[in-house]
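Written below as structure tokens is the structure these notes are about.
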Amino acid sequence: MNARLKKNGLVASAFLATSVDGFIAREDGGLDWLVGRGETLGDTGYDDFFASVDALVMGRGTHDIVKDFDEYPYAGKRMLLLSTSLETTDWPDATLHRSLEDVLDTLEREGITRVYVDGGKTVSTFLREGLLSEITISVAPVLIGHGIRLFDQFESDIELEVIATRELGSGFTQSTYRVVPQPEE
């Protein structure tokens with residue numbers, strides 16, 4: 001784990017859903033393949049996870065999908081939007097950040113210790129930088145063929161350790177992984 005985060009006690013985690021073929025949304029951001037199945041999932045653990053975090057870090061792509069939801073899903077949580085192109089947001093408790101370093105400075109300055117990282121590119125950035133501690137992935141029993149991938153490409157392997165796997169309703173499975181810290185160079 002990044003030495004800076006370890007020193008400050010920051011724990012960054014992701015909680016996401018994918019299709020079996022690894023997509024988090026259609027190319028246009030559509031989630032119809034996921035949302036229609038949600039009513040019979042049962043307890044996914046998301047509510048407890050969400051209650052346990054102090055803030056969210058989200059990228060532009062996820063912001064653009066979520067901003068069109070009928071109801072803002074992150075009420076009451078501090079939101080840090082990581083984007084080089086977003087100019088403004090109407091979201092309460094949200095601030096714009098142009099770089100990962102700016103996000104980390106803000107988290108440190110505000111004493112935030114538990115962070116929910118959301119969005120494929122942002123999760124990949126946190127993984128690449130050794131900043132993510134844990135990932136929970138719920139897999140929908142559907143192949144959508146193309147769309148927005150959960151993970152970018154990485155230059156080297158990122159080792160994961162399975163913490164738990166379980167079956168949810170509607171044929172979903174869910175696994176939680178601990179990100180194995182890479183040796184510091």
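By order in the structure tokens, chains are A, B, ...; within a chain, residues start at 1; ligands start at 1, following the order shown.
Residues in contact with segment 155-168 of chain A at 10 Å, where only C-alpha atoms are counted and same-chain residues fewer than 6 positions away are skipped, are listed as Thr40, Leu41, Gly42, Asp43, Thr44, Leu127, Arg128, Gly130, Ser133, Glu134, Ile135, Thr136, Ile137, Ser138, Val139, Ala140, Gln174, Ser175, Thr176, Tyr177, Arg178, Val179, Val180, Pro181 and Gln182 of chain A.
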Output file for the residues above (C-alpha atoms, as an mmCIF file, in the first residue's frame):
```cif
data_model
loop_
_atom_site.group_PDB
_atom_site.id
_atom_site.type_symbol
_atom_site.label_atom_id
_atom_site.label_comp_id
_atom_site.auth_asym_id
_atom_site.auth_seq_id
_atom_site.Cartn_x
_atom_site.Cartn_y
_atom_site.Cartn_z
ATOM 1 C CA THR A 40 -34.575 -9.760 -6.243
ATOM 2 C CA LEU A 41 -30.903 -9.564 -5.272
ATOM 3 C CA GLY A 42 -31.458 -9.579 -1.533
ATOM 4 C CA ASP A 43 -28.939 -8.000 0.816
ATOM 5 C CA THR A 44 -25.774 -7.258 -1.156
ATOM 6 C CA LEU A 127 -5.077 0.056 -8.114
ATOM 7 C CA ARG A 128 -2.213 1.149 -10.353
ATOM 8 C CA GLY A 130 -1.235 0.913 -4.878
ATOM 9 C CA SER A 133 -7.213 -2.004 -0.188
ATOM 10 C CA GLU A 134 -10.309 -4.016 -1.076
ATOM 11 C CA ILE A 135 -12.665 -4.676 -3.991
ATOM 12 C CA THR A 136 -16.165 -6.161 -3.853
ATOM 13 C CA ILE A 137 -17.518 -7.233 -7.233
ATOM 14 C CA SER A 138 -21.066 -8.462 -7.808
ATOM 15 C CA VAL A 139 -21.374 -10.318 -11.110
ATOM 16 C CA ALA A 140 -24.669 -10.259 -13.013
ATOM 17 C CA GLN A 174 -20.330 -11.615 -5.211
ATOM 18 C CA SER A 175 -16.682 -11.808 -4.267
ATOM 19 C CA THR A 176 -14.645 -9.567 -2.024
ATOM 20 C CA TYR A 177 -10.901 -9.378 -2.574
ATOM 21 C CA ARG A 178 -8.071 -7.905 -0.544
ATOM 22 C CA VAL A 179 -5.499 -6.214 -2.746
ATOM 23 C CA VAL A 180 -2.136 -7.744 -1.887
ATOM 24 C CA PRO A 181 0.324 -4.890 -1.359
ATOM 25 C CA GLN A 182 3.138 -4.791 -3.884
#
```
Check your understanding: Skipping near chain neighbours, those fewer than 6 positions away, what residues fall within 9 Å of Met58 of chain A using only C-alpha atoms, listed as a ChimeraX atom specification?
Key -> /A:79-83,116-119,122-123
Write out the residues from the selection above, keeping N, CA and C atoms, as a compact mmCIF listing (two decimals), in the first residue's frame.
```txt
# COMPACT_ATOMS: atom_id res chain seq x y z
N MET A 79 -18.12 14.01 -1.33
CA MET A 79 -17.82 13.53 -2.67
C MET A 79 -16.65 14.30 -3.26
N LEU A 80 -15.64 13.58 -3.72
CA LEU A 80 -14.52 14.17 -4.42
C LEU A 80 -14.58 13.68 -5.86
N LEU A 81 -14.82 14.58 -6.80
CA LEU A 81 -14.91 14.23 -8.22
C LEU A 81 -13.55 14.46 -8.87
N LEU A 82 -12.99 13.40 -9.41
CA LEU A 82 -11.68 13.45 -10.04
C LEU A 82 -11.88 13.58 -11.55
N SER A 83 -11.58 14.77 -12.08
CA SER A 83 -11.78 15.02 -13.50
C SER A 83 -10.91 16.18 -13.97
N TYR A 116 -14.71 5.29 -0.42
CA TYR A 116 -15.35 4.47 -1.44
C TYR A 116 -14.88 5.00 -2.79
N VAL A 117 -14.20 4.18 -3.56
CA VAL A 117 -13.72 4.56 -4.88
C VAL A 117 -14.67 3.96 -5.90
N ASP A 118 -15.24 4.80 -6.79
CA ASP A 118 -16.25 4.33 -7.72
C ASP A 118 -15.90 4.72 -9.14
N GLY A 119 -16.15 3.80 -10.06
CA GLY A 119 -15.91 4.05 -11.48
C GLY A 119 -14.69 3.28 -11.97
N THR A 122 -11.30 5.27 -12.30
CA THR A 122 -10.82 5.71 -10.99
C THR A 122 -10.34 4.52 -10.16
N VAL A 123 -11.10 3.42 -10.20
CA VAL A 123 -10.67 2.20 -9.50
C VAL A 123 -9.34 1.73 -10.07
```
**Study point:** Expected answer as JSON, numbers by chain: alpha helix (DSSP H) residues in chain A
**Key:** {"A": [3, 4, 5, 6, 7, 8, 32, 33, 34, 35, 46, 47, 48, 49, 50, 51, 52, 60, 61, 62, 63, 64, 65, 66, 100, 101, 102, 103, 104, 105, 106, 107, 108, 109, 120, 121, 122, 123, 124, 125, 126, 127, 128]}
At a cut-off of 12 Å, using only C-alpha atoms, what residues contact segment 89-99 of chain A? Leave out same-chain residues fewer than 4 positions from it and give the result as a PDB file with C-alpha atoms, in the first residue's frame.
```
ATOM      1  CA  ASP A  54     -16.485   8.756   5.115  1.00  0.00           C
ATOM      2  CA  ALA A  55     -16.269   9.920   1.506  1.00  0.00           C
ATOM      3  CA  LEU A  56     -16.391   8.899  -2.155  1.00  0.00           C
ATOM      4  CA  VAL A  57     -13.903   9.455  -4.940  1.00  0.00           C
ATOM      5  CA  MET A  58     -15.485   9.239  -8.367  1.00  0.00           C
ATOM      6  CA  GLY A  59     -14.358   9.971 -11.898  1.00  0.00           C
ATOM      7  CA  ARG A  60     -15.998  11.888 -14.709  1.00  0.00           C
ATOM      8  CA  HIS A  63     -20.454  11.101 -12.639  1.00  0.00           C
ATOM      9  CA  ASP A  64     -21.938  11.479 -16.109  1.00  0.00           C
ATOM     10  CA  VAL A  66     -25.096   8.857 -12.146  1.00  0.00           C
ATOM     11  CA  LYS A  67     -26.095  12.516 -12.682  1.00  0.00           C
ATOM     12  CA  ASP A  68     -29.072  11.323 -14.726  1.00  0.00           C
ATOM     13  CA  GLU A  71     -32.462  10.250  -7.122  1.00  0.00           C
ATOM     14  CA  TYR A  72     -28.962  11.269  -6.009  1.00  0.00           C
ATOM     15  CA  PRO A  73     -27.570   8.031  -4.469  1.00  0.00           C
ATOM     16  CA  TYR A  74     -24.792   9.507  -2.332  1.00  0.00           C
ATOM     17  CA  ALA A  75     -26.701  11.854  -0.020  1.00  0.00           C
ATOM     18  CA  GLY A  76     -24.877  12.723   3.172  1.00  0.00           C
ATOM     19  CA  LYS A  77     -21.421  11.645   1.967  1.00  0.00           C
ATOM     20  CA  ARG A  78     -18.471  13.819   1.091  1.00  0.00           C
ATOM     21  CA  MET A  79     -17.822  13.526  -2.669  1.00  0.00           C
ATOM     22  CA  LEU A  80     -14.522  14.174  -4.423  1.00  0.00           C
ATOM     23  CA  LEU A  81     -14.908  14.231  -8.220  1.00  0.00           C
ATOM     24  CA  LEU A  82     -11.679  13.450 -10.044  1.00  0.00           C
ATOM     25  CA  SER A  83     -11.784  15.024 -13.500  1.00  0.00           C
ATOM     26  CA  THR A  84      -9.578  17.127 -15.741  1.00  0.00           C
ATOM     27  CA  SER A  85     -12.530  18.275 -17.855  1.00  0.00           C
ATOM     28  CA  VAL A 103      -7.570  14.173  -4.022  1.00  0.00           C
ATOM     29  CA  LEU A 104      -5.008  12.639  -1.651  1.00  0.00           C
ATOM     30  CA  ASP A 105      -4.082  16.065  -0.234  1.00  0.00           C
ATOM     31  CA  THR A 106      -7.766  16.811   0.417  1.00  0.00           C
ATOM     32  CA  LEU A 107      -8.398  13.448   2.092  1.00  0.00           C
ATOM     33  CA  THR A 122     -10.821   5.710 -10.989  1.00  0.00           C
ATOM     34  CA  THR A 125      -5.994   4.458 -11.119  1.00  0.00           C
ATOM     35  CA  PHE A 126      -6.169   3.651  -7.409  1.00  0.00           C
TER      36      PHE A 126
END
```
Quick one: everything within 10 Å of His146 of chain A, counting only C-alpha atoms, minus sequence neighbours fewer than 2 positions away in the same chain. Send it as a CSV table (one decimal) with C-alpha atoms, in the first residue's frame.
```
chain,number,residue,atom,x,y,z
A,19,SER,CA,-21.6,-8.4,-16.3
A,21,ASP,CA,-17.8,-10.5,-19.5
A,22,GLY,CA,-16.5,-7.7,-17.2
A,23,PHE,CA,-18.4,-4.6,-18.2
A,24,ILE,CA,-19.8,-2.0,-15.7
A,25,ALA,CA,-22.0,-0.2,-18.2
A,26,ARG,CA,-23.0,-0.2,-21.9
A,27,GLU,CA,-21.0,2.1,-24.1
A,143,LEU,CA,-23.1,-11.2,-21.2
A,144,ILE,CA,-23.5,-7.8,-22.8
A,148,ILE,CA,-17.3,0.1,-20.5
A,149,ARG,CA,-14.8,-2.3,-18.9
```
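Coordinates place atom CA of Leu10 of chain A at a distance of 23.0 Å from atom CA of Phe154 of chain A.
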